[in-house]
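Single-structure report; data block below.
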Amino acid sequence: ESRMMRGDKPSRTLSFNYSAYTARLGAPANWRDVADGGTSSKSSLVVEKLGFRPPSEDFICCNENIPWKHPINNTYLRNRTEIQSSSRNNNCTKTLDVLGWLMNDINSRGLILMMTYGGMIHIHREQELINKTTGHLLDDDMDMWASMDTVLRIMELEEVLFQQFGWSVRVFTLKAGQEVLLLQLFATCGHEYKEKFGKVRSGLPAIEVYPTVVMPGGGGGNDTIKAPGIMKDVWQLASFEETLVYPPRRLDFESSGTNKTLHLQLPKNPLDIMKCLYGNWKVPSGKHAQGSNRCGQSDLKSYYKCNCNLAVLPSIYQSTTK
């Protein structure tokens with residue numbers, strides 16, 4: 001039975017319908033069928049065999065711990081020998097060209113993959129993703145928010161990424177249950193193969209994909225107020241009022257790092273999000289978005305109270321910061 005996402009009044013209680021959330025995803029063994037109807041590609045079979053799952057209801061609704069404090073599995077969708085062989089060929093496509101190709105695929109399917117965090121700042125502040133003096137990306141990776149069906153689609157595309165661009169994918173999951181928390185797309189050229197979780201080390205900046213879910217809104221303090229839904233970044237454990245993020249904005253972006261127009265997606269209100277995360281984002285600094293940020297209504301947390309009994313939940317879901 002689904003846990004409840006509730007406001008102040010029981011009469012306005014809404015259900016976080018976990019079965020509906022997972023319905024399109026199917027059972028773990030059939031998760032690959034979400035993306036493009038399922039294919040018989042090598043990467044599809046790997047995803048099916050490994051039994052990757054979307055984050056559980058308990059994790060989405062009740063977890064208070066930033067994911068990297070959990071026991072994490074780091075799973076490559078390509079074996080070590082193939083990655084090292086590809087690396088020696090030293091024939092890897094540049095990051096922005098891979099991003100452009102990926103966005104074309106995602107956009108053609110009506111899926112969601114939004115620029116966020118550092119990349120979102122550079123688009124607005126420098127109006128560029130590349131340092132024109134060095135030719136390098138302004139960030140050490142590209143940060144993206146993805147819906148769960150997009151996460152699946154990207155795993156499906158690993159075979160194409162590898163064969164056409166010299167890139168591959170690794171997946172961070174909870175050791176207990178193989179729940180997908182983060183994807184890293186990386187160039188095999190210069191890649192340091194590591195089975196432990198951490199930053200990608202490669203000859204080109206990686207693309208990091210943060211899975212997101214949307215939790216429904218509930219009633220507010222009286223019958224005239226209704227709380228909006230919340231979008232949750234399950235890796236950063238950050239929560240954003242849904243109306244700040246959806247529907248995404250489309251942006252045709254020109255960069256000196258590629259000769260093709262990038263057909264990007266941005267959150268609906270990027271300026272409000274950046275102000276919440278970084279304060280004065282117009283001034284360059286080393287500040288990073290912290291885990292567990294909450295952006296939106298000032299008392300956003302009070303609208304979203306899951307029926308979480310921490311006494312019976314796994315201890316990994318309980319905060320270590322209290």
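In the structure tokens, each chain is lettered A, B, ... as it comes, each chain's residues begin at 1, and ligands are numbered from 1 in order of appearance.
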
Env of Ser285 in chain A: 12 Å cut, atoms = only C-alpha atoms, seq-sep filter 5 positions within chain, self excluded. Answer as number ranges by chain. A: 118, 121-122, 278-280

All heavy atoms of the current selection, written as an mmCIF file, in the first residue's frame:
data_model
loop_
_atom_site.group_PDB
_atom_site.id
_atom_site.type_symbol
_atom_site.label_atom_id
_atom_site.label_comp_id
_atom_site.auth_asym_id
_atom_site.auth_seq_id
_atom_site.Cartn_x
_atom_site.Cartn_y
_atom_site.Cartn_z
ATOM 1 N N GLY A 118 26.328 23.637 -12.496
ATOM 2 C CA GLY A 118 27.360 24.467 -13.098
ATOM 3 C C GLY A 118 27.085 24.872 -14.531
ATOM 4 O O GLY A 118 27.272 26.032 -14.916
ATOM 5 N N ILE A 121 24.617 27.663 -14.808
ATOM 6 C CA ILE A 121 25.210 28.959 -14.485
ATOM 7 C C ILE A 121 25.990 29.521 -15.665
ATOM 8 O O ILE A 121 25.839 30.689 -16.038
ATOM 9 C CB ILE A 121 26.142 28.842 -13.255
ATOM 10 C CG1 ILE A 121 25.325 28.693 -11.978
ATOM 11 C CG2 ILE A 121 27.047 30.070 -13.146
ATOM 12 C CD1 ILE A 121 26.161 28.605 -10.728
ATOM 13 N N HIS A 122 26.832 28.693 -16.283
ATOM 14 C CA HIS A 122 27.679 29.180 -17.380
ATOM 15 C C HIS A 122 26.848 29.651 -18.568
ATOM 16 O O HIS A 122 27.205 30.628 -19.231
ATOM 17 C CB HIS A 122 28.668 28.098 -17.798
ATOM 18 C CG HIS A 122 29.652 27.752 -16.732
ATOM 19 N ND1 HIS A 122 30.408 28.708 -16.084
ATOM 20 C CD2 HIS A 122 30.002 26.551 -16.181
ATOM 21 C CE1 HIS A 122 31.183 28.113 -15.177
ATOM 22 N NE2 HIS A 122 30.956 26.820 -15.225
ATOM 23 N N TYR A 278 22.927 29.087 -5.038
ATOM 24 C CA TYR A 278 24.246 29.707 -5.002
ATOM 25 C C TYR A 278 24.270 31.130 -4.452
ATOM 26 O O TYR A 278 25.351 31.690 -4.268
ATOM 27 C CB TYR A 278 24.854 29.734 -6.410
ATOM 28 C CG TYR A 278 24.927 28.390 -7.065
ATOM 29 C CD1 TYR A 278 24.007 28.010 -8.032
ATOM 30 C CD2 TYR A 278 25.922 27.472 -6.706
ATOM 31 C CE1 TYR A 278 24.068 26.765 -8.641
ATOM 32 C CE2 TYR A 278 25.993 26.227 -7.302
ATOM 33 C CZ TYR A 278 25.058 25.880 -8.272
ATOM 34 O OH TYR A 278 25.122 24.643 -8.862
ATOM 35 N N GLY A 279 23.097 31.732 -4.231
ATOM 36 C CA GLY A 279 23.099 33.133 -3.840
ATOM 37 C C GLY A 279 23.409 33.995 -5.057
ATOM 38 O O GLY A 279 22.706 33.935 -6.070
ATOM 39 N N ASN A 280 24.467 34.778 -4.985
ATOM 40 C CA ASN A 280 24.863 35.637 -6.109
ATOM 41 C C ASN A 280 25.644 34.808 -7.134
ATOM 42 O O ASN A 280 26.878 34.794 -7.137
ATOM 43 C CB ASN A 280 25.694 36.820 -5.621
ATOM 44 C CG ASN A 280 25.999 37.813 -6.739
ATOM 45 O OD1 ASN A 280 25.530 37.666 -7.873
ATOM 46 N ND2 ASN A 280 26.789 38.824 -6.431
#

Report the closest atom pair, with its distance in Å rounded to one decimal, for each residue of range 79-149 of chain A that has an atom no farther than 12 Å from range 158-181 of chain A; count only C-alpha atoms, sort by chain and then rising residue number, and write it as JSON lines.
{"residue": "A:Asn79", "atom": "CA", "partner": "A:Ser168", "partner_atom": "CA", "distance": 10.0}
{"residue": "A:Arg80", "atom": "CA", "partner": "A:Ser168", "partner_atom": "CA", "distance": 11.0}
{"residue": "A:Glu82", "atom": "CA", "partner": "A:Phe162", "partner_atom": "CA", "distance": 9.5}
{"residue": "A:Ile83", "atom": "CA", "partner": "A:Ser168", "partner_atom": "CA", "distance": 7.9}
{"residue": "A:Gln84", "atom": "CA", "partner": "A:Gly166", "partner_atom": "CA", "distance": 10.7}
{"residue": "A:Ser85", "atom": "CA", "partner": "A:Gly166", "partner_atom": "CA", "distance": 10.2}
{"residue": "A:Ser86", "atom": "CA", "partner": "A:Gly166", "partner_atom": "CA", "distance": 6.5}
{"residue": "A:Ser87", "atom": "CA", "partner": "A:Gly166", "partner_atom": "CA", "distance": 7.8}
{"residue": "A:Arg88", "atom": "CA", "partner": "A:Gly166", "partner_atom": "CA", "distance": 10.6}
{"residue": "A:Asn89", "atom": "CA", "partner": "A:Gly166", "partner_atom": "CA", "distance": 8.9}
{"residue": "A:Asn90", "atom": "CA", "partner": "A:Gly166", "partner_atom": "CA", "distance": 8.4}
{"residue": "A:Asn91", "atom": "CA", "partner": "A:Gly166", "partner_atom": "CA", "distance": 6.4}
{"residue": "A:Cys92", "atom": "CA", "partner": "A:Gly166", "partner_atom": "CA", "distance": 4.7}
{"residue": "A:Thr93", "atom": "CA", "partner": "A:Phe165", "partner_atom": "CA", "distance": 5.1}
{"residue": "A:Lys94", "atom": "CA", "partner": "A:Phe165", "partner_atom": "CA", "distance": 8.5}
{"residue": "A:Thr95", "atom": "CA", "partner": "A:Trp167", "partner_atom": "CA", "distance": 9.5}
{"residue": "A:Leu96", "atom": "CA", "partner": "A:Phe165", "partner_atom": "CA", "distance": 11.7}
{"residue": "A:Asp97", "atom": "CA", "partner": "A:Phe165", "partner_atom": "CA", "distance": 9.2}
{"residue": "A:Val98", "atom": "CA", "partner": "A:Phe165", "partner_atom": "CA", "distance": 7.3}
{"residue": "A:Leu99", "atom": "CA", "partner": "A:Leu161", "partner_atom": "CA", "distance": 10.7}
{"residue": "A:Trp101", "atom": "CA", "partner": "A:Leu161", "partner_atom": "CA", "distance": 9.6}
{"residue": "A:Leu102", "atom": "CA", "partner": "A:Leu161", "partner_atom": "CA", "distance": 9.1}
{"residue": "A:Asp105", "atom": "CA", "partner": "A:Val160", "partner_atom": "CA", "distance": 11.6}
{"residue": "A:Trp145", "atom": "CA", "partner": "A:Leu181", "partner_atom": "CA", "distance": 11.5}
{"residue": "A:Ala146", "atom": "CA", "partner": "A:Leu181", "partner_atom": "CA", "distance": 11.0}
{"residue": "A:Ser147", "atom": "CA", "partner": "A:Leu181", "partner_atom": "CA", "distance": 11.7}
{"residue": "A:Met148", "atom": "CA", "partner": "A:Val180", "partner_atom": "CA", "distance": 9.3}
{"residue": "A:Asp149", "atom": "CA", "partner": "A:Val180", "partner_atom": "CA", "distance": 12.0}

According to DSSP computed on the backbone, where in range 63-311 of chain A is there strand (DSSP E)? Give the residues as a ChimeraX atom specification. /A:72-76,113-115,141-146,167-174,180-187,206-215,230-233,238-241,249-253,262-266,294-295

Proximity check range 121-194 of chain A to range 237-261 of chain A, 8 Å, nearest pairs one decimal Å, only C-alpha atoms, as a tab-separated table:
residue	atom	partner	partner_atom	distance
A:Glu128	CA	A:Ser255	CA	5.9
A:Leu129	CA	A:Ser255	CA	6.5
A:Ile130	CA	A:Gly257	CA	5.9
A:Lys132	CA	A:Ser256	CA	7.3
A:Gly135	CA	A:Gly257	CA	7.1
A:Leu137	CA	A:Gly257	CA	7.9

Given the choices A:Ser56, A:Thr212, A:Gln265, A:Gln236, which gets closest to Val151 in chain A if the distance is worked out from only C-alpha atoms?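 Looking at the shortest contact to Val151 in chain A, the residue is A:Thr212.
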
Show which residues sit within 8 Å of Met103 in chain A, as a PyMOL selection string. Count only C-alpha atoms, and ignore same-chain residues fewer than 2 positions away. chain A and resi 99-101+105-107+113+262-264

Keeping only N, CA and C atoms, write those residues as a short mmCIF file (atom, residue, chain, number, x, y, z; two decimals), in the first residue's frame.
data_model
loop_
_atom_site.label_atom_id
_atom_site.label_comp_id
_atom_site.auth_asym_id
_atom_site.auth_seq_id
_atom_site.Cartn_x
_atom_site.Cartn_y
_atom_site.Cartn_z
N LEU A 99 27.02 15.38 -26.16
CA LEU A 99 25.84 15.96 -25.53
C LEU A 99 24.81 16.37 -26.58
N GLY A 100 25.27 16.99 -27.66
CA GLY A 100 24.36 17.40 -28.73
C GLY A 100 23.63 16.23 -29.35
N TRP A 101 24.36 15.15 -29.61
CA TRP A 101 23.74 13.94 -30.18
C TRP A 101 22.73 13.34 -29.20
N ASP A 105 18.45 12.86 -29.50
CA ASP A 105 17.72 11.61 -29.28
C ASP A 105 16.64 11.80 -28.22
N ILE A 106 17.01 12.42 -27.11
CA ILE A 106 16.07 12.61 -26.00
C ILE A 106 14.91 13.50 -26.43
N ASN A 107 15.21 14.61 -27.11
CA ASN A 107 14.16 15.53 -27.55
C ASN A 107 13.20 14.87 -28.53
N LEU A 113 15.70 15.86 -20.13
CA LEU A 113 17.12 15.87 -19.76
C LEU A 113 17.55 17.33 -19.72
N LEU A 262 23.33 23.27 -30.14
CA LEU A 262 22.91 22.38 -29.06
C LEU A 262 21.44 22.67 -28.73
N HIS A 263 20.61 21.65 -28.83
CA HIS A 263 19.19 21.80 -28.53
C HIS A 263 18.97 21.36 -27.08
N LEU A 264 19.18 22.30 -26.18
CA LEU A 264 19.22 22.00 -24.76
C LEU A 264 17.85 22.16 -24.10
#
